Amino acid sequence: MTRSHLPLVATILACLTLSACSADETPPPPAGAPPASGTGKARPSKDNTDLPLTKQLSRGELTQAIPDAEDLVPGYLPGSLHKRMPGEPDDCAPLDTPAPAGWQRAGSGDYDYQGSTVSRGIDLDVCQFDNVAHAKAAYDQWPDTDETAPLETGRVGEESVFLAHSGSSGTVYGYSRSGTVIARVTVEDAGADPTDAHDVLAATIKRLQQVQAGQRATATAPEIAAMAQTQR
């Protein structure tokens, strides 16, 4: 090789090296796409309950998602919770009706309130179905509109409704559906105020989202209430 060829060879080698480096670079993801690293699991957001529940949860996962008494509104003392796991198909059906189609599993929680002037309770049922259509069909049959009036409050999950009984105690019923899961709550002696029913349902759906994402269920009703206050 002559001395005059050396600059040409150096130039060719530099071009080849530059091309190889460019080929090794990973192109940036398109706008709005999830990052390439990580598990790819959907993570529940901190400020809403819109993420649909689609994973079939195990009995243990559903048990974890049912809030403990200290996860509810103030006045429901630790140790007052009575969990029932697993639940029965009848827990997921309206009164005096057969078990709904597609029922998979259920769990429930009964909470005792120890207040200075009233003694009331909260009943919570959570039911999972094999698909969204069966969950929606069961959800549509749940609300008891007899002697009740609708209440205005924030939506929980993909759809929800809150009703107050016309009796003097103003018991509130809340119903929510998220994907294949439906949940309902009864708050006795609520005075037609949907606040507690909303926060308990929202905390329950959020805890289910956390479990679905592989996280520990840590959401509480006071956290839901605090987030709602900051958004006003």
# chains A, B, ... in the order shown; residues from 1 in each chain; ligands from 1

$ residues_around --residues "Val200 of chain A" --least-positions-apart "3" --cutoff "8 Å" --atoms "only C-alpha atoms" --output "ChimeraX atom specification"
/A:72-73,185,196-197,203-204,220-221

$ select_by_dssp --residues "segment 42-231 of chain A" --states "strand (DSSP E)" --output "ChimeraX atom specification"
/A:82-84,103-112,121-129,148-150,159-165,172-178,181-187

$ residues_around --residues "segment 51-64 of chain A" --least-positions-apart "5" --cutoff "6 Å" --atoms "only C-alpha atoms" --output "compact mmCIF listing (two decimals) with N, CA and C atoms, in the first residue's frame"
# COMPACT_ATOMS: atom_id res chain seq x y z
N SER A 178 -66.14 -2.02 37.38
CA SER A 178 -64.88 -1.76 36.70
C SER A 178 -64.46 -3.03 35.99
N GLY A 179 -64.58 -3.06 34.65
CA GLY A 179 -64.22 -4.25 33.91
C GLY A 179 -65.08 -5.44 34.30
N THR A 180 -64.44 -6.50 34.81
CA THR A 180 -65.13 -7.73 35.18
C THR A 180 -65.51 -7.77 36.66

$ residues_around --residues "Ser168 of chain A" --least-positions-apart "4" --cutoff "10 Å" --atoms "only C-alpha atoms" --output "list in words"
Asp189, Ala190, Gly191 and Ala192 of chain A

$ closest_residue --among "A:Arg155, A:Arg184, A:Arg216, A:Lys136" --to "Ser108 of chain A" --atoms "only C-alpha atoms"
A:Arg184
